[in-house]
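What follows is the content of model16.cif (mmCIF, N, CA and C atoms).
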```
data_upload
#
loop_
_atom_site.label_atom_id
_atom_site.label_comp_id
_atom_site.auth_asym_id
_atom_site.auth_seq_id
_atom_site.Cartn_x
_atom_site.Cartn_y
_atom_site.Cartn_z
N MET A 1 0.84 -1.17 0.00
CA MET A 1 0.00 0.00 0.00
C MET A 1 0.88 1.23 0.00
N LEU A 2 0.45 2.26 -0.66
CA LEU A 2 1.19 3.51 -0.71
C LEU A 2 1.24 4.16 0.66
N LYS A 3 2.34 4.78 0.98
CA LYS A 3 2.45 5.57 2.20
C LYS A 3 2.12 7.01 1.80
N LEU A 4 0.95 7.47 2.18
CA LEU A 4 0.50 8.78 1.74
C LEU A 4 0.44 9.74 2.91
N ASN A 5 0.66 10.99 2.63
CA ASN A 5 0.58 12.01 3.66
C ASN A 5 -0.85 12.43 3.90
N PRO A 6 -1.21 12.62 5.16
CA PRO A 6 -2.57 13.07 5.42
C PRO A 6 -2.77 14.51 4.94
N VAL A 7 -3.90 14.74 4.26
CA VAL A 7 -4.27 16.10 3.88
C VAL A 7 -5.05 16.70 5.03
N LYS A 8 -6.03 15.97 5.53
CA LYS A 8 -6.75 16.35 6.74
C LYS A 8 -7.44 15.12 7.26
N PRO A 9 -7.63 15.00 8.57
CA PRO A 9 -8.28 13.81 9.10
C PRO A 9 -9.73 13.74 8.64
N GLU A 10 -10.18 12.51 8.40
CA GLU A 10 -11.57 12.25 8.04
C GLU A 10 -12.18 11.38 9.12
N ILE A 11 -13.45 11.54 9.38
CA ILE A 11 -14.14 10.72 10.35
C ILE A 11 -14.98 9.70 9.59
N ALA A 12 -14.74 8.43 9.87
CA ALA A 12 -15.49 7.36 9.23
C ALA A 12 -16.84 7.22 9.89
N ASN A 13 -17.74 6.46 9.25
CA ASN A 13 -19.08 6.25 9.80
C ASN A 13 -19.04 5.61 11.17
N ASP A 14 -18.02 4.79 11.42
CA ASP A 14 -17.96 4.10 12.71
C ASP A 14 -17.26 4.94 13.77
N GLY A 15 -16.94 6.19 13.46
CA GLY A 15 -16.35 7.10 14.43
C GLY A 15 -14.84 7.07 14.48
N GLU A 16 -14.20 6.18 13.77
CA GLU A 16 -12.75 6.11 13.78
C GLU A 16 -12.18 7.19 12.88
N THR A 17 -11.07 7.76 13.29
CA THR A 17 -10.41 8.76 12.45
C THR A 17 -9.58 8.05 11.41
N GLN A 18 -9.75 8.45 10.18
CA GLN A 18 -8.94 7.92 9.09
C GLN A 18 -8.08 9.07 8.59
N ASP A 19 -6.82 9.05 8.98
CA ASP A 19 -5.95 10.18 8.69
C ASP A 19 -5.50 10.26 7.24
N LEU A 20 -5.45 9.14 6.55
CA LEU A 20 -4.91 9.16 5.21
C LEU A 20 -5.93 9.63 4.20
N THR A 21 -5.48 10.47 3.31
CA THR A 21 -6.28 10.86 2.16
C THR A 21 -5.43 10.61 0.92
N TYR A 22 -6.09 10.55 -0.22
CA TYR A 22 -5.42 10.13 -1.44
C TYR A 22 -5.81 11.04 -2.59
N THR A 23 -4.90 11.21 -3.51
CA THR A 23 -5.23 11.89 -4.76
C THR A 23 -5.73 10.83 -5.74
N ILE A 24 -6.33 11.29 -6.81
CA ILE A 24 -6.83 10.36 -7.82
C ILE A 24 -5.68 9.56 -8.44
N SER A 25 -4.54 10.20 -8.63
CA SER A 25 -3.38 9.51 -9.20
C SER A 25 -2.85 8.44 -8.27
N GLU A 26 -2.85 8.73 -6.97
CA GLU A 26 -2.37 7.74 -6.01
C GLU A 26 -3.28 6.51 -5.98
N LEU A 27 -4.60 6.75 -6.01
CA LEU A 27 -5.53 5.62 -6.02
C LEU A 27 -5.38 4.81 -7.31
N ALA A 28 -5.25 5.51 -8.42
CA ALA A 28 -5.10 4.81 -9.70
C ALA A 28 -3.86 3.92 -9.67
N LYS A 29 -2.77 4.44 -9.17
CA LYS A 29 -1.53 3.67 -9.09
C LYS A 29 -1.69 2.51 -8.11
N GLU A 30 -2.28 2.77 -6.96
CA GLU A 30 -2.46 1.74 -5.93
C GLU A 30 -3.27 0.55 -6.44
N PHE A 31 -4.34 0.83 -7.19
CA PHE A 31 -5.25 -0.23 -7.63
C PHE A 31 -5.01 -0.68 -9.07
N GLY A 32 -4.06 -0.04 -9.75
CA GLY A 32 -3.76 -0.45 -11.12
C GLY A 32 -4.89 -0.18 -12.09
N ILE A 33 -5.58 0.93 -11.89
CA ILE A 33 -6.67 1.33 -12.78
C ILE A 33 -6.40 2.75 -13.26
N THR A 34 -7.21 3.20 -14.19
CA THR A 34 -7.01 4.54 -14.73
C THR A 34 -7.76 5.57 -13.88
N THR A 35 -7.31 6.81 -13.98
CA THR A 35 -8.03 7.88 -13.30
C THR A 35 -9.43 8.03 -13.89
N ARG A 36 -9.56 7.72 -15.16
CA ARG A 36 -10.88 7.77 -15.80
C ARG A 36 -11.85 6.78 -15.15
N ALA A 37 -11.35 5.59 -14.81
CA ALA A 37 -12.19 4.59 -14.14
C ALA A 37 -12.64 5.13 -12.78
N ILE A 38 -11.74 5.75 -12.05
CA ILE A 38 -12.10 6.32 -10.75
C ILE A 38 -13.16 7.41 -10.91
N ARG A 39 -12.98 8.27 -11.90
CA ARG A 39 -13.99 9.32 -12.15
C ARG A 39 -15.33 8.70 -12.53
N PHE A 40 -15.30 7.58 -13.27
CA PHE A 40 -16.53 6.88 -13.63
C PHE A 40 -17.26 6.42 -12.36
N TYR A 41 -16.53 5.81 -11.43
CA TYR A 41 -17.16 5.36 -10.18
C TYR A 41 -17.70 6.54 -9.39
N GLU A 42 -17.02 7.65 -9.48
CA GLU A 42 -17.52 8.88 -8.84
C GLU A 42 -18.82 9.33 -9.52
N ASP A 43 -18.84 9.32 -10.85
CA ASP A 43 -20.05 9.70 -11.59
C ASP A 43 -21.22 8.78 -11.27
N GLU A 44 -20.91 7.51 -10.96
CA GLU A 44 -21.95 6.53 -10.61
C GLU A 44 -22.32 6.62 -9.12
N HIS A 45 -21.73 7.57 -8.40
CA HIS A 45 -22.01 7.82 -6.98
C HIS A 45 -21.59 6.65 -6.09
N LEU A 46 -20.58 5.91 -6.51
CA LEU A 46 -20.07 4.82 -5.70
C LEU A 46 -18.99 5.31 -4.74
N ILE A 47 -18.30 6.37 -5.12
CA ILE A 47 -17.34 7.04 -4.24
C ILE A 47 -17.62 8.53 -4.34
N SER A 48 -17.24 9.25 -3.28
CA SER A 48 -17.56 10.69 -3.28
C SER A 48 -16.43 11.47 -2.62
N PRO A 49 -15.43 11.81 -3.41
CA PRO A 49 -14.30 12.55 -2.85
C PRO A 49 -14.68 13.98 -2.48
N GLU A 50 -13.93 14.50 -1.55
CA GLU A 50 -14.05 15.92 -1.22
C GLU A 50 -13.30 16.67 -2.32
N ARG A 51 -13.67 17.90 -2.52
CA ARG A 51 -12.96 18.71 -3.52
C ARG A 51 -12.37 19.94 -2.85
N ILE A 52 -11.13 20.20 -3.20
CA ILE A 52 -10.48 21.43 -2.79
C ILE A 52 -10.09 22.10 -4.09
N GLY A 53 -10.88 23.10 -4.48
CA GLY A 53 -10.72 23.69 -5.80
C GLY A 53 -11.10 22.64 -6.83
N ARG A 54 -10.20 22.36 -7.74
CA ARG A 54 -10.45 21.34 -8.77
C ARG A 54 -9.87 19.98 -8.38
N GLN A 55 -9.14 19.93 -7.28
CA GLN A 55 -8.49 18.68 -6.86
C GLN A 55 -9.45 17.81 -6.06
N ARG A 56 -9.48 16.54 -6.42
CA ARG A 56 -10.27 15.56 -5.68
C ARG A 56 -9.41 15.02 -4.55
N ILE A 57 -9.99 14.94 -3.36
CA ILE A 57 -9.31 14.37 -2.21
C ILE A 57 -10.14 13.19 -1.74
N TYR A 58 -9.57 12.00 -1.84
CA TYR A 58 -10.27 10.77 -1.50
C TYR A 58 -9.91 10.36 -0.08
N SER A 59 -10.92 9.99 0.68
CA SER A 59 -10.74 9.60 2.07
C SER A 59 -10.44 8.11 2.18
N GLY A 60 -10.16 7.68 3.39
CA GLY A 60 -10.00 6.26 3.65
C GLY A 60 -11.27 5.50 3.32
N ARG A 61 -12.42 6.13 3.53
CA ARG A 61 -13.70 5.52 3.18
C ARG A 61 -13.78 5.29 1.68
N ASP A 62 -13.36 6.28 0.89
CA ASP A 62 -13.35 6.13 -0.57
C ASP A 62 -12.40 5.02 -0.98
N TYR A 63 -11.25 4.95 -0.32
CA TYR A 63 -10.26 3.90 -0.61
C TYR A 63 -10.90 2.52 -0.41
N THR A 64 -11.56 2.36 0.73
CA THR A 64 -12.19 1.07 1.05
C THR A 64 -13.31 0.76 0.07
N ARG A 65 -14.13 1.75 -0.25
CA ARG A 65 -15.22 1.53 -1.20
C ARG A 65 -14.66 1.15 -2.57
N LEU A 66 -13.60 1.81 -3.02
CA LEU A 66 -13.00 1.48 -4.31
C LEU A 66 -12.45 0.05 -4.29
N LYS A 67 -11.85 -0.34 -3.20
CA LYS A 67 -11.34 -1.70 -3.07
C LYS A 67 -12.50 -2.70 -3.18
N LEU A 68 -13.62 -2.41 -2.52
CA LEU A 68 -14.79 -3.30 -2.59
C LEU A 68 -15.42 -3.30 -3.97
N ILE A 69 -15.45 -2.15 -4.64
CA ILE A 69 -15.98 -2.06 -6.00
C ILE A 69 -15.18 -2.98 -6.92
N LEU A 70 -13.87 -2.88 -6.84
CA LEU A 70 -13.01 -3.67 -7.72
C LEU A 70 -13.11 -5.16 -7.40
N ARG A 71 -13.25 -5.50 -6.12
CA ARG A 71 -13.45 -6.90 -5.75
C ARG A 71 -14.78 -7.40 -6.33
N GLY A 72 -15.82 -6.59 -6.18
CA GLY A 72 -17.13 -6.96 -6.73
C GLY A 72 -17.08 -7.17 -8.23
N LYS A 73 -16.36 -6.30 -8.93
CA LYS A 73 -16.22 -6.45 -10.39
C LYS A 73 -15.49 -7.74 -10.73
N ARG A 74 -14.41 -8.04 -9.98
CA ARG A 74 -13.67 -9.29 -10.23
C ARG A 74 -14.56 -10.52 -10.03
N LEU A 75 -15.50 -10.42 -9.10
CA LEU A 75 -16.41 -11.53 -8.83
C LEU A 75 -17.58 -11.56 -9.80
N GLY A 76 -17.67 -10.55 -10.66
CA GLY A 76 -18.70 -10.54 -11.69
C GLY A 76 -20.00 -9.88 -11.29
N PHE A 77 -20.01 -9.15 -10.17
CA PHE A 77 -21.22 -8.44 -9.78
C PHE A 77 -21.42 -7.23 -10.68
N THR A 78 -22.67 -6.87 -10.91
CA THR A 78 -22.96 -5.66 -11.68
C THR A 78 -22.70 -4.44 -10.80
N LEU A 79 -22.55 -3.28 -11.43
CA LEU A 79 -22.38 -2.06 -10.65
C LEU A 79 -23.60 -1.80 -9.78
N ALA A 80 -24.79 -2.16 -10.26
CA ALA A 80 -26.00 -1.98 -9.46
C ALA A 80 -25.95 -2.85 -8.21
N ASP A 81 -25.49 -4.10 -8.35
CA ASP A 81 -25.34 -4.98 -7.18
C ASP A 81 -24.33 -4.40 -6.20
N ILE A 82 -23.21 -3.94 -6.73
CA ILE A 82 -22.16 -3.37 -5.88
C ILE A 82 -22.69 -2.14 -5.15
N ALA A 83 -23.40 -1.29 -5.87
CA ALA A 83 -23.97 -0.09 -5.25
C ALA A 83 -24.94 -0.46 -4.14
N ASP A 84 -25.79 -1.45 -4.39
CA ASP A 84 -26.74 -1.90 -3.35
C ASP A 84 -26.00 -2.32 -2.09
N MET A 85 -24.95 -3.10 -2.25
CA MET A 85 -24.20 -3.58 -1.09
C MET A 85 -23.48 -2.44 -0.38
N LEU A 86 -22.88 -1.53 -1.14
CA LEU A 86 -22.18 -0.41 -0.52
C LEU A 86 -23.15 0.51 0.21
N ASN A 87 -24.31 0.76 -0.39
CA ASN A 87 -25.29 1.65 0.23
C ASN A 87 -25.85 1.07 1.52
N LEU A 88 -25.96 -0.24 1.59
CA LEU A 88 -26.44 -0.87 2.82
C LEU A 88 -25.45 -0.67 3.96
N TYR A 89 -24.18 -0.58 3.64
CA TYR A 89 -23.16 -0.39 4.66
C TYR A 89 -23.37 0.93 5.40
N ASP A 90 -23.87 1.93 4.67
CA ASP A 90 -24.06 3.26 5.25
C ASP A 90 -25.38 3.40 6.01
N SER A 91 -26.26 2.40 5.91
CA SER A 91 -27.56 2.51 6.56
C SER A 91 -27.65 1.56 7.74
N GLU A 92 -28.71 1.71 8.50
CA GLU A 92 -28.96 0.79 9.61
C GLU A 92 -29.62 -0.45 9.06
N PRO A 93 -29.40 -1.63 9.51
CA PRO A 93 -28.46 -2.02 10.54
C PRO A 93 -27.03 -2.21 10.03
N GLY A 94 -26.71 -1.61 8.92
CA GLY A 94 -25.32 -1.54 8.46
C GLY A 94 -24.73 -2.86 8.02
N GLU A 95 -23.67 -3.25 8.70
CA GLU A 95 -22.86 -4.39 8.24
C GLU A 95 -23.67 -5.68 8.15
N LYS A 96 -24.59 -5.92 9.11
CA LYS A 96 -25.37 -7.15 9.08
C LYS A 96 -26.21 -7.22 7.80
N ALA A 97 -26.92 -6.13 7.50
CA ALA A 97 -27.74 -6.10 6.29
C ALA A 97 -26.88 -6.25 5.06
N GLN A 98 -25.73 -5.59 5.05
CA GLN A 98 -24.82 -5.67 3.91
C GLN A 98 -24.37 -7.10 3.69
N LEU A 99 -24.02 -7.78 4.76
CA LEU A 99 -23.54 -9.16 4.64
C LEU A 99 -24.66 -10.10 4.20
N GLU A 100 -25.88 -9.89 4.69
CA GLU A 100 -27.00 -10.74 4.27
C GLU A 100 -27.29 -10.56 2.79
N VAL A 101 -27.30 -9.32 2.32
CA VAL A 101 -27.53 -9.06 0.90
C VAL A 101 -26.37 -9.60 0.08
N ALA A 102 -25.15 -9.44 0.58
CA ALA A 102 -23.98 -9.95 -0.13
C ALA A 102 -24.07 -11.47 -0.30
N LEU A 103 -24.54 -12.15 0.73
CA LEU A 103 -24.70 -13.61 0.62
C LEU A 103 -25.72 -13.99 -0.42
N VAL A 104 -26.84 -13.28 -0.46
CA VAL A 104 -27.87 -13.56 -1.47
C VAL A 104 -27.31 -13.33 -2.86
N LYS A 105 -26.63 -12.20 -3.04
CA LYS A 105 -26.07 -11.87 -4.35
C LYS A 105 -24.96 -12.86 -4.73
N ALA A 106 -24.18 -13.31 -3.76
CA ALA A 106 -23.13 -14.29 -4.03
C ALA A 106 -23.74 -15.61 -4.48
N ARG A 107 -24.83 -16.02 -3.82
CA ARG A 107 -25.51 -17.27 -4.23
C ARG A 107 -26.04 -17.14 -5.65
N GLN A 108 -26.64 -15.98 -5.95
CA GLN A 108 -27.18 -15.76 -7.29
C GLN A 108 -26.05 -15.78 -8.32
N ARG A 109 -24.94 -15.15 -8.01
CA ARG A 109 -23.80 -15.11 -8.92
C ARG A 109 -23.25 -16.52 -9.13
N ARG A 110 -23.15 -17.28 -8.03
CA ARG A 110 -22.67 -18.66 -8.13
C ARG A 110 -23.58 -19.49 -9.03
N GLN A 111 -24.89 -19.34 -8.87
CA GLN A 111 -25.83 -20.09 -9.71
C GLN A 111 -25.64 -19.72 -11.18
N SER A 112 -25.46 -18.45 -11.43
CA SER A 112 -25.25 -17.99 -12.80
C SER A 112 -23.96 -18.59 -13.38
N LEU A 113 -22.90 -18.57 -12.59
CA LEU A 113 -21.63 -19.14 -13.05
C LEU A 113 -21.73 -20.64 -13.26
N GLU A 114 -22.46 -21.33 -12.37
CA GLU A 114 -22.63 -22.77 -12.54
C GLU A 114 -23.38 -23.08 -13.83
N GLN A 115 -24.38 -22.26 -14.16
CA GLN A 115 -25.11 -22.46 -15.41
C GLN A 115 -24.19 -22.21 -16.60
N GLN A 116 -23.37 -21.16 -16.51
CA GLN A 116 -22.43 -20.88 -17.58
C GLN A 116 -21.42 -22.01 -17.73
N LEU A 117 -20.98 -22.56 -16.60
CA LEU A 117 -20.04 -23.68 -16.64
C LEU A 117 -20.68 -24.89 -17.30
N ASP A 118 -21.94 -25.18 -16.95
CA ASP A 118 -22.65 -26.30 -17.59
C ASP A 118 -22.76 -26.06 -19.10
N ASP A 119 -23.08 -24.81 -19.47
CA ASP A 119 -23.19 -24.46 -20.89
C ASP A 119 -21.85 -24.63 -21.59
N LEU A 120 -20.77 -24.22 -20.94
CA LEU A 120 -19.44 -24.37 -21.53
C LEU A 120 -19.06 -25.84 -21.69
N LYS A 121 -19.38 -26.64 -20.69
CA LYS A 121 -19.09 -28.08 -20.79
C LYS A 121 -19.85 -28.71 -21.97
N LEU A 122 -21.10 -28.32 -22.13
CA LEU A 122 -21.89 -28.83 -23.24
C LEU A 122 -21.29 -28.38 -24.57
N THR A 123 -20.90 -27.12 -24.64
CA THR A 123 -20.28 -26.60 -25.86
C THR A 123 -18.98 -27.34 -26.16
N MET A 124 -18.18 -27.60 -25.14
CA MET A 124 -16.92 -28.33 -25.34
C MET A 124 -17.20 -29.75 -25.85
N THR A 125 -18.21 -30.39 -25.31
CA THR A 125 -18.58 -31.73 -25.77
C THR A 125 -19.01 -31.69 -27.24
N GLU A 126 -19.79 -30.68 -27.60
CA GLU A 126 -20.22 -30.53 -28.99
C GLU A 126 -19.03 -30.24 -29.90
N LEU A 127 -18.08 -29.43 -29.43
CA LEU A 127 -16.88 -29.15 -30.22
C LEU A 127 -16.04 -30.42 -30.41
N ASP A 128 -15.94 -31.22 -29.35
CA ASP A 128 -15.21 -32.49 -29.46
C ASP A 128 -15.83 -33.36 -30.55
N ALA A 129 -17.16 -33.46 -30.54
CA ALA A 129 -17.87 -34.27 -31.54
C ALA A 129 -17.66 -33.70 -32.94
N PHE A 130 -17.72 -32.37 -33.04
CA PHE A 130 -17.52 -31.71 -34.34
C PHE A 130 -16.11 -31.97 -34.87
N GLU A 131 -15.10 -31.84 -33.99
CA GLU A 131 -13.72 -32.08 -34.40
C GLU A 131 -13.53 -33.54 -34.83
N THR A 132 -14.12 -34.46 -34.08
CA THR A 132 -14.03 -35.88 -34.44
C THR A 132 -14.64 -36.13 -35.81
N SER A 133 -15.78 -35.51 -36.04
CA SER A 133 -16.45 -35.64 -37.34
C SER A 133 -15.58 -35.08 -38.46
N CYS A 134 -14.99 -33.93 -38.22
CA CYS A 134 -14.11 -33.31 -39.23
C CYS A 134 -12.91 -34.21 -39.53
N ARG A 135 -12.31 -34.78 -38.49
CA ARG A 135 -11.16 -35.66 -38.69
C ARG A 135 -11.55 -36.90 -39.50
N GLU A 136 -12.71 -37.46 -39.18
CA GLU A 136 -13.19 -38.64 -39.92
C GLU A 136 -13.42 -38.29 -41.40
N GLN A 137 -13.99 -37.13 -41.63
CA GLN A 137 -14.24 -36.71 -43.03
C GLN A 137 -12.93 -36.48 -43.77
N LEU A 138 -11.94 -35.93 -43.07
CA LEU A 138 -10.63 -35.72 -43.70
C LEU A 138 -9.97 -37.05 -44.07
N LYS A 139 -10.12 -38.04 -43.22
CA LYS A 139 -9.55 -39.36 -43.51
C LYS A 139 -10.18 -39.98 -44.75
N ASN A 140 -11.44 -39.69 -44.94
CA ASN A 140 -12.16 -40.27 -46.07
C ASN A 140 -11.97 -39.50 -47.39
N LEU A 141 -11.23 -38.43 -47.35
CA LEU A 141 -10.99 -37.66 -48.59
C LEU A 141 -9.78 -38.15 -49.33
#
```
How does the structure come out when it is put into structure tokens?
Amino acid sequence: MLKLNPVKPEIANDGETQDLTYTISELAKEFGITTRAIRFYEDEHLISPERIGRQRIYSGRDYTRLKLILRGKRLGFTLADIADMLNLYDSEPGEKAQLEVALVKARQRRQSLEQQLDDLKLTMTELDAFETSCREQLKNL
């Protein structure tokens, strides 16, 4: 993780002080994404940096949310699913509701992936049969 200088302390929802703040370039470098991607997540209201003039200042909360957004994307969740889970974190009963919804969405995602896997296996079997047929036809030419 980057060692960043605090711009000003931020207070997290749970009351803990998060001293580190980040520039858009620092976050982009930390997560290996473009600044454009970060601005996109901001436009989608998934993160909300403070602004000092034209400069965006991202809090520890934004850092954590961006980390969760990217994890959700890697797992194949839609941005709408990710937003739902992130928004639950900010509401009551907070983490419990977020985890319950996350479990439901994870089960749904798993079911979707299992169906895709079954479809891929079927396609591979069909390709095997097609290749065998092609080889047999080539032998007969």
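Taking atom C of Ser48 (chain A) and CA of Asp62 (chain A) as the two end points, the separation is 6.5 Å.
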Per residue of region 26-54 of chain A within 8 Å of region 65-78 of chain A, what are the shortest atom pair and its distance in Å to one decimal, counting only N, CA and C atoms, with rows by chain and residue number, as JSON lines?
```
{"residue": "A:Phe31", "atom": "CA", "partner": "A:Lys67", "partner_atom": "CA", "distance": 7.7}
{"residue": "A:Leu46", "atom": "C", "partner": "A:Arg65", "partner_atom": "C", "distance": 6.4}
{"residue": "A:Ile47", "atom": "CA", "partner": "A:Leu66", "partner_atom": "N", "distance": 6.5}
```
For atom N of Ala83 (chain A) and CA of Glu44 (chain A), the interatomic separation in Å (one decimal):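 Straight-line distance from atom N of Ala83 (chain A) to CA of Glu44 (chain A) works out to 9.3 Å.
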With distances taken over only N, CA and C atoms, the candidate from A:Tyr63, A:Ala129, A:Arg135, A:Asp84 nearest Leu27 (chain A) is A:Tyr63
DSSP on the backbone: which residues in chain A end up as strand (DSSP E)? Give the answer as a list in words.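 Strand (DSSP E) members of chain A, listed: Glu10, Ile11, Thr17, Gln18, Glu50, Arg51, Ile52, Gln55, Arg56 and Ile57 of chain A.
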Q.
For the structure I just gave you, how does DSSP split chain A - specifically, which residues are helix (DSSP H, G or I)? Reply as a PyMOL selection string.
A. chain A and resi 24-31+35-43+60-74+79-89+95-139
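Taking CA of Ser112 (chain A) as the reference point, CA of Phe40 (chain A) is found at 26.4 Å.
Closest approach to Val101 (chain A) among A:Met85, A:Asp118, A:Thr125, A:Arg39 is made by A:Met85 (distances from all atoms listed in the file).
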One residue among A:His45, A:Leu20, A:Tyr89, A:Ala97 is nearest to Gly60 (chain A) when using only C-alpha atoms, and that residue is A:Leu20
